[in-house]
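This report concerns only the one structure given below.
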Amino acid sequence: MHNFLPIAYFRDQFVPFGEANLSIATHALHYGTGAFGGLRGIPDPQNDQQFLLFRLDAHCKRLSNSAKFLHYDLPVDKIQQILVDFVKKNRPTTSFYIRPFVYTSDLGIAPRLHNIEKDFFVYGLELGDYLSPEGVSCRISSWYRQEDRSLPLRGKISGAYITSSLAKTEAVESGFDEAILMNSQGKVSEASGMNIFVVRNGKIITPGFDQDILEGITRDSVLTIARDLGIEVIERSLDKSELFAADEVFLSGTAAKITPVQRVENYHLSTERPITEKLREKLTAITENRDPKYQDWVFPIAV
């Protein structure tokens, strides 16, 4: 069971989490006409009167852009202020995850985005490791990643995650931890809710935006850190066989952070992961505000 934070933001006010309820006739429930974000925060290890949110500005901007696909004008500064107030009211005692969500809140039928009410809510939960930090096993999914020409993949549209759900369950029920989805061109796209990276000969290779991936904020962080460390990064299409022949494979995401892959299908990968571990250690230091070079990625909230 999840440990939800006690206060939610719902219908323009902060209320107890248990009172933030939707009607069964809510439009978004039936048509997937919502968009969500997700960001992590921690109590500041150096200051017990402060919380740290990772890349708050980037998360707020992406959610605002996602809302545009729903014909909903939700300003970045409004999202940010609500999230800051949300943390102050909840005062979590451990690592936590915040889920902001925009959606068509009207009651009724007929899929549409025009002439329909939209709204915005926020809730959160305590969250440690989403996936095992020791590594995960992955299978190649029989489901394919959608194409941007049929769905706006630059946004985190809730309806798109039926594919992720199908792929994740298929993987788990067949004895794996995670799924890797190919795109319609037969190239590697991403995992069920994470971006994917391959390390070969000291270089990082990852699918580019033209491979129908989500523009992940943790992905962007990983690429920036890698380049700053002098590691060559290549963004291009990636063949399935490159996963099997890789020196290292890892996943990244807000919930997953950086998670190594132990096995892809029946191909076991090396337990020596120098680049993955270097990146993971660096990212942890940054999120805990222990690296002054990346202080602008960490948003402090005093309470």
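By convention in this document, the chains of the structure tokens carry letters A, B, ... by their order, each chain's residues are numbered from 1, and ligands are numbered from 1 in the order they are shown.
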Q: Select from region 161-263 of chain A everything DSSP, run on the backbone, classes as strand (DSSP E or B), then give the selection as a PyMOL selection string.
A: chain A and resi 178-182+188-191+195-200+203-206+233-235+248-253+257-263
Just-selected residues, N, CA and C atoms written as an mmCIF file, in the first residue's frame:
```
data_model
loop_
_atom_site.group_PDB
_atom_site.id
_atom_site.type_symbol
_atom_site.label_atom_id
_atom_site.label_comp_id
_atom_site.auth_asym_id
_atom_site.auth_seq_id
_atom_site.Cartn_x
_atom_site.Cartn_y
_atom_site.Cartn_z
ATOM 1 N N GLU A 178 10.814 -5.405 -16.072
ATOM 2 C CA GLU A 178 10.493 -4.249 -16.904
ATOM 3 C C GLU A 178 10.373 -4.648 -18.368
ATOM 4 N N ALA A 179 9.767 -3.733 -19.131
ATOM 5 C CA ALA A 179 9.590 -3.945 -20.569
ATOM 6 C C ALA A 179 10.380 -2.902 -21.342
ATOM 7 N N ILE A 180 10.875 -3.293 -22.489
ATOM 8 C CA ILE A 180 11.496 -2.367 -23.432
ATOM 9 C C ILE A 180 10.635 -2.362 -24.688
ATOM 10 N N LEU A 181 10.172 -1.179 -25.063
ATOM 11 C CA LEU A 181 9.304 -1.062 -26.229
ATOM 12 C C LEU A 181 10.107 -0.626 -27.447
ATOM 13 N N MET A 182 9.819 -1.257 -28.563
ATOM 14 C CA MET A 182 10.360 -0.829 -29.838
ATOM 15 C C MET A 182 9.382 0.167 -30.453
ATOM 16 N N VAL A 188 14.768 0.572 -30.906
ATOM 17 C CA VAL A 188 14.527 0.705 -29.472
ATOM 18 C C VAL A 188 13.976 2.099 -29.182
ATOM 19 N N SER A 189 12.906 2.177 -28.399
ATOM 20 C CA SER A 189 12.329 3.465 -28.026
ATOM 21 C C SER A 189 12.580 3.767 -26.551
ATOM 22 N N GLU A 190 11.889 3.080 -25.663
ATOM 23 C CA GLU A 190 12.030 3.351 -24.233
ATOM 24 C C GLU A 190 11.451 2.200 -23.436
ATOM 25 N N ALA A 191 11.552 2.284 -22.112
ATOM 26 C CA ALA A 191 10.940 1.290 -21.235
ATOM 27 C C ALA A 191 9.500 1.716 -20.946
ATOM 28 N N ASN A 195 13.357 6.277 -19.840
ATOM 29 C CA ASN A 195 14.239 6.311 -20.994
ATOM 30 C C ASN A 195 15.330 5.261 -20.822
ATOM 31 N N ILE A 196 15.972 4.893 -21.928
ATOM 32 C CA ILE A 196 16.949 3.811 -21.900
ATOM 33 C C ILE A 196 18.277 4.270 -22.505
ATOM 34 N N PHE A 197 19.365 3.748 -21.943
ATOM 35 C CA PHE A 197 20.720 4.094 -22.360
ATOM 36 C C PHE A 197 21.549 2.828 -22.503
ATOM 37 N N VAL A 198 22.429 2.841 -23.486
ATOM 38 C CA VAL A 198 23.386 1.756 -23.699
ATOM 39 C C VAL A 198 24.791 2.332 -23.595
ATOM 40 N N VAL A 199 25.677 1.593 -22.951
ATOM 41 C CA VAL A 199 27.086 1.981 -22.896
ATOM 42 C C VAL A 199 27.889 0.970 -23.692
ATOM 43 N N ARG A 200 28.629 1.471 -24.673
ATOM 44 C CA ARG A 200 29.522 0.619 -25.473
ATOM 45 C C ARG A 200 30.825 1.358 -25.703
ATOM 46 N N LYS A 203 31.246 4.903 -24.436
ATOM 47 C CA LYS A 203 30.330 5.919 -24.935
ATOM 48 C C LYS A 203 28.895 5.581 -24.556
ATOM 49 N N ILE A 204 28.102 6.615 -24.348
ATOM 50 C CA ILE A 204 26.684 6.427 -24.051
ATOM 51 C C ILE A 204 25.883 6.632 -25.333
ATOM 52 N N ILE A 205 25.015 5.679 -25.625
ATOM 53 C CA ILE A 205 24.134 5.769 -26.789
ATOM 54 C C ILE A 205 22.695 5.705 -26.284
ATOM 55 N N THR A 206 21.860 6.603 -26.780
ATOM 56 C CA THR A 206 20.465 6.614 -26.346
ATOM 57 C C THR A 206 19.582 7.051 -27.506
ATOM 58 N N VAL A 233 28.474 11.262 -25.691
ATOM 59 C CA VAL A 233 27.065 10.898 -25.762
ATOM 60 C C VAL A 233 26.625 10.922 -27.221
ATOM 61 N N ILE A 234 25.945 9.864 -27.636
ATOM 62 C CA ILE A 234 25.442 9.768 -29.004
ATOM 63 C C ILE A 234 23.938 9.541 -28.949
ATOM 64 N N GLU A 235 23.170 10.423 -29.576
ATOM 65 C CA GLU A 235 21.724 10.270 -29.656
ATOM 66 C C GLU A 235 21.383 9.836 -31.078
ATOM 67 N N GLU A 248 27.048 -1.918 -20.762
ATOM 68 C CA GLU A 248 26.119 -1.555 -19.690
ATOM 69 C C GLU A 248 24.815 -1.084 -20.341
ATOM 70 N N VAL A 249 23.717 -1.309 -19.639
ATOM 71 C CA VAL A 249 22.426 -0.740 -20.021
ATOM 72 C C VAL A 249 21.792 -0.198 -18.748
ATOM 73 N N PHE A 250 21.218 0.994 -18.831
ATOM 74 C CA PHE A 250 20.499 1.511 -17.661
ATOM 75 C C PHE A 250 19.282 2.301 -18.096
ATOM 76 N N LEU A 251 18.360 2.463 -17.151
ATOM 77 C CA LEU A 251 17.116 3.200 -17.359
ATOM 78 C C LEU A 251 17.150 4.473 -16.519
ATOM 79 N N SER A 252 16.394 5.475 -16.949
ATOM 80 C CA SER A 252 16.296 6.694 -16.141
ATOM 81 C C SER A 252 14.870 7.210 -16.150
ATOM 82 N N GLY A 253 14.492 7.816 -15.030
ATOM 83 C CA GLY A 253 13.173 8.415 -14.904
ATOM 84 C C GLY A 253 13.055 9.070 -13.545
ATOM 85 N N LYS A 257 14.898 7.032 -11.100
ATOM 86 C CA LYS A 257 16.215 7.671 -11.008
ATOM 87 C C LYS A 257 17.134 7.047 -12.066
ATOM 88 N N ILE A 258 18.258 6.448 -11.659
ATOM 89 C CA ILE A 258 19.094 5.694 -12.601
ATOM 90 C C ILE A 258 19.122 4.250 -12.115
ATOM 91 N N THR A 259 18.597 3.343 -12.929
ATOM 92 C CA THR A 259 18.482 1.933 -12.557
ATOM 93 C C THR A 259 19.242 1.073 -13.558
ATOM 94 N N PRO A 260 20.216 0.289 -13.104
ATOM 95 C CA PRO A 260 20.944 -0.586 -14.042
ATOM 96 C C PRO A 260 20.090 -1.761 -14.502
ATOM 97 N N VAL A 261 20.382 -2.250 -15.702
ATOM 98 C CA VAL A 261 19.723 -3.434 -16.253
ATOM 99 C C VAL A 261 20.681 -4.612 -16.136
ATOM 100 N N GLN A 262 20.225 -5.670 -15.500
ATOM 101 C CA GLN A 262 21.046 -6.867 -15.314
ATOM 102 C C GLN A 262 20.956 -7.821 -16.494
ATOM 103 N N ARG A 263 19.760 -7.869 -17.111
ATOM 104 C CA ARG A 263 19.505 -8.858 -18.155
ATOM 105 C C ARG A 263 18.470 -8.329 -19.135
#
```
Q: Please provide the set of residues having any atom within 12 Å of region 3-9 of chain A, restricted to only C-alpha atoms, with same-chain residues fewer than 6 positions apart removed, written as a ChimeraX atom specification.
A: /A:15-21,79,81-102,119-128
Q.
Residues within 7 Å of region 26-37 of chain A, please, as a VMD selection string. Count only C-alpha atoms; anything in the same chain fewer than 4 positions from it doesn't count.
A. chain A and resid 22 59 63 66 to 67 99 to 109 111 156 to 159
For the selection just defined, write its residues with N, CA and C atoms to a file, as a PDB file, in the first residue's frame.
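Saved the output as again-v7.pdb:
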```
ATOM      1  N   LEU A  22     -13.316  12.253  -7.240  1.00  0.00           N
ATOM      2  CA  LEU A  22     -13.926  12.586  -8.518  1.00  0.00           C
ATOM      3  C   LEU A  22     -15.194  11.764  -8.737  1.00  0.00           C
ATOM      4  N   HIS A  59      10.017  20.616 -14.603  1.00  0.00           N
ATOM      5  CA  HIS A  59       8.791  19.830 -14.453  1.00  0.00           C
ATOM      6  C   HIS A  59       7.547  20.699 -14.646  1.00  0.00           C
ATOM      7  N   LEU A  63       4.729  20.250 -17.691  1.00  0.00           N
ATOM      8  CA  LEU A  63       3.302  20.057 -17.419  1.00  0.00           C
ATOM      9  C   LEU A  63       2.469  21.139 -18.090  1.00  0.00           C
ATOM     10  N   SER A  66       2.258  20.193 -21.636  1.00  0.00           N
ATOM     11  CA  SER A  66       1.346  19.062 -21.797  1.00  0.00           C
ATOM     12  C   SER A  66      -0.108  19.521 -21.753  1.00  0.00           C
ATOM     13  N   ALA A  67      -0.380  20.480 -20.867  1.00  0.00           N
ATOM     14  CA  ALA A  67      -1.746  20.993 -20.742  1.00  0.00           C
ATOM     15  C   ALA A  67      -2.215  21.650 -22.039  1.00  0.00           C
ATOM     16  N   ARG A  99       2.643  14.112  -7.663  1.00  0.00           N
ATOM     17  CA  ARG A  99       1.944  13.855  -8.915  1.00  0.00           C
ATOM     18  C   ARG A  99       0.944  14.992  -9.198  1.00  0.00           C
ATOM     19  N   PRO A 100       1.302  15.967 -10.031  1.00  0.00           N
ATOM     20  CA  PRO A 100       0.325  16.942 -10.505  1.00  0.00           C
ATOM     21  C   PRO A 100      -0.384  16.406 -11.743  1.00  0.00           C
ATOM     22  N   PHE A 101      -1.657  16.748 -11.899  1.00  0.00           N
ATOM     23  CA  PHE A 101      -2.465  16.159 -12.965  1.00  0.00           C
ATOM     24  C   PHE A 101      -3.444  17.190 -13.500  1.00  0.00           C
ATOM     25  N   VAL A 102      -3.455  17.380 -14.814  1.00  0.00           N
ATOM     26  CA  VAL A 102      -4.457  18.224 -15.463  1.00  0.00           C
ATOM     27  C   VAL A 102      -5.405  17.317 -16.237  1.00  0.00           C
ATOM     28  N   TYR A 103      -6.689  17.694 -16.313  1.00  0.00           N
ATOM     29  CA  TYR A 103      -7.653  16.760 -16.901  1.00  0.00           C
ATOM     30  C   TYR A 103      -8.935  17.472 -17.289  1.00  0.00           C
ATOM     31  N   THR A 104      -9.703  16.831 -18.158  1.00  0.00           N
ATOM     32  CA  THR A 104     -11.039  17.328 -18.476  1.00  0.00           C
ATOM     33  C   THR A 104     -11.970  16.894 -17.350  1.00  0.00           C
ATOM     34  N   SER A 105     -12.456  17.869 -16.611  1.00  0.00           N
ATOM     35  CA  SER A 105     -13.182  17.578 -15.368  1.00  0.00           C
ATOM     36  C   SER A 105     -14.694  17.599 -15.517  1.00  0.00           C
ATOM     37  N   ASP A 106     -15.186  17.955 -16.711  1.00  0.00           N
ATOM     38  CA  ASP A 106     -16.632  17.929 -16.944  1.00  0.00           C
ATOM     39  C   ASP A 106     -17.196  16.526 -16.744  1.00  0.00           C
ATOM     40  N   LEU A 107     -18.488  16.475 -16.479  1.00  0.00           N
ATOM     41  CA  LEU A 107     -19.189  15.206 -16.393  1.00  0.00           C
ATOM     42  C   LEU A 107     -19.941  14.968 -17.696  1.00  0.00           C
ATOM     43  N   GLY A 108     -19.836  13.774 -18.218  1.00  0.00           N
ATOM     44  CA  GLY A 108     -20.578  13.490 -19.434  1.00  0.00           C
ATOM     45  C   GLY A 108     -19.785  12.674 -20.434  1.00  0.00           C
ATOM     46  N   ILE A 109     -20.331  12.537 -21.629  1.00  0.00           N
ATOM     47  CA  ILE A 109     -19.741  11.695 -22.652  1.00  0.00           C
ATOM     48  C   ILE A 109     -19.376  12.538 -23.873  1.00  0.00           C
ATOM     49  N   PRO A 111     -15.973  12.229 -26.680  1.00  0.00           N
ATOM     50  CA  PRO A 111     -14.570  12.625 -26.618  1.00  0.00           C
ATOM     51  C   PRO A 111     -14.335  13.945 -27.339  1.00  0.00           C
ATOM     52  N   LYS A 156       2.999  14.323 -21.490  1.00  0.00           N
ATOM     53  CA  LYS A 156       2.727  13.108 -20.715  1.00  0.00           C
ATOM     54  C   LYS A 156       1.211  12.912 -20.644  1.00  0.00           C
ATOM     55  N   ILE A 157       0.637  12.520 -21.775  1.00  0.00           N
ATOM     56  CA  ILE A 157      -0.809  12.356 -21.869  1.00  0.00           C
ATOM     57  C   ILE A 157      -1.219  11.041 -21.203  1.00  0.00           C
ATOM     58  N   SER A 158      -2.194  11.112 -20.310  1.00  0.00           N
ATOM     59  CA  SER A 158      -2.530   9.940 -19.502  1.00  0.00           C
ATOM     60  C   SER A 158      -3.000   8.763 -20.351  1.00  0.00           C
ATOM     61  N   GLY A 159      -3.774   9.039 -21.400  1.00  0.00           N
ATOM     62  CA  GLY A 159      -4.290   7.954 -22.229  1.00  0.00           C
ATOM     63  C   GLY A 159      -3.209   7.139 -22.902  1.00  0.00           C
TER      64      GLY A 159
END
```
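All residues within region 156-203 of chain A that the backbone DSSP calculation assigns to alpha helix (DSSP H) are Tyr161, Ile162, Thr163, Ser164, Ser165, Leu166, Ala167, Lys168, Thr169, Glu170, Ala171, Val172 and Glu173 of chain A.
Taking CA of Gly208 (chain A) as the reference point, CA of Arg145 (chain A) is found at 13.9 Å.
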**Q.** Contact residues around Asn47 (chain A) with only C-alpha atoms at 12 Å, ignoring same-chain residues under 3 positions, as a PyMOL selection string
**A.** chain A and resi 42-44+50-52+288-289+300-303
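When only C-alpha atoms are used to compute distances to Asp212 (chain A), the closest of the residues A:Thr276, A:Ser165, A:Gln185, A:Ser137 turns out to be A:Gln185.
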**Q.** Top pick for closest residue to His268 (chain A), considering A:Ala245, A:Ala25, A:Ile231, A:Leu223 and counting only C-alpha atoms
**A.** A:Ala245
Q. Residues at most 9 Å from Glu147 (chain A), counting only C-alpha atoms, excluding those fewer than 3 positions away in the same chain, as a ChimeraX atom specification?
A. /A:150-153,183-184,211-212
Since we have the selection now, will you write its residues out, keeping all heavy atoms, as a CSV table (one decimal), in the first residue's frame?
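Saved file part_1.csv follows:
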```
chain,number,residue,atom,x,y,z
A,150,SER,N,0.3,10.1,-34.2
A,150,SER,CA,-1.1,9.7,-33.8
A,150,SER,C,-1.4,10.1,-32.4
A,150,SER,O,-2.5,10.0,-31.9
A,150,SER,CB,-1.2,8.1,-33.8
A,150,SER,OG,-0.3,7.5,-32.9
A,151,LEU,N,-0.4,10.6,-31.7
A,151,LEU,CA,-0.5,11.0,-30.3
A,151,LEU,C,0.6,12.0,-29.9
A,151,LEU,O,1.7,11.8,-30.3
A,151,LEU,CB,-0.4,9.8,-29.4
A,151,LEU,CG,-0.8,9.9,-27.9
A,151,LEU,CD1,-2.3,10.0,-27.8
A,151,LEU,CD2,-0.3,8.8,-27.1
A,152,PRO,N,0.3,13.1,-29.2
A,152,PRO,CA,1.4,14.1,-28.9
A,152,PRO,C,2.3,13.5,-27.8
A,152,PRO,O,2.2,13.7,-26.6
A,152,PRO,CB,0.6,15.3,-28.4
A,152,PRO,CG,-0.7,14.7,-27.9
A,152,PRO,CD,-1.0,13.5,-28.7
A,153,LEU,N,3.4,12.9,-28.3
A,153,LEU,CA,4.3,12.2,-27.3
A,153,LEU,C,5.2,13.2,-26.6
A,153,LEU,O,5.9,12.8,-25.7
A,153,LEU,CB,5.1,11.2,-28.1
A,153,LEU,CG,4.3,10.0,-28.7
A,153,LEU,CD1,5.3,9.1,-29.4
A,153,LEU,CD2,3.5,9.3,-27.7
A,183,ASN,N,9.9,1.0,-31.4
A,183,ASN,CA,8.9,1.9,-32.1
A,183,ASN,C,8.5,1.2,-33.4
A,183,ASN,O,8.8,0.1,-33.7
A,183,ASN,CB,9.6,3.2,-32.4
A,183,ASN,CG,10.8,3.2,-33.2
A,183,ASN,OD1,11.0,2.2,-34.0
A,183,ASN,ND2,11.7,4.1,-33.1
A,184,SER,N,7.7,1.9,-34.2
A,184,SER,CA,7.1,1.3,-35.4
A,184,SER,C,8.1,1.0,-36.4
A,184,SER,O,7.8,0.3,-37.4
A,184,SER,CB,6.0,2.3,-35.9
A,184,SER,OG,6.6,3.5,-36.3
A,211,GLN,N,12.8,9.0,-32.2
A,211,GLN,CA,12.5,7.6,-32.0
A,211,GLN,C,11.2,7.5,-31.1
A,211,GLN,O,11.0,6.5,-30.5
A,211,GLN,CB,13.7,6.9,-31.3
A,211,GLN,CG,14.9,6.9,-32.2
A,211,GLN,CD,14.7,6.3,-33.5
A,211,GLN,OE1,14.3,5.2,-33.7
A,211,GLN,NE2,15.1,7.1,-34.6
A,212,ASP,N,10.4,8.5,-31.1
A,212,ASP,CA,9.1,8.5,-30.3
A,212,ASP,C,9.3,8.3,-28.8
A,212,ASP,O,8.5,7.6,-28.2
A,212,ASP,CB,8.2,7.5,-30.9
A,212,ASP,CG,7.7,7.8,-32.4
A,212,ASP,OD1,7.5,9.0,-32.6
A,212,ASP,OD2,7.6,6.9,-33.2
```
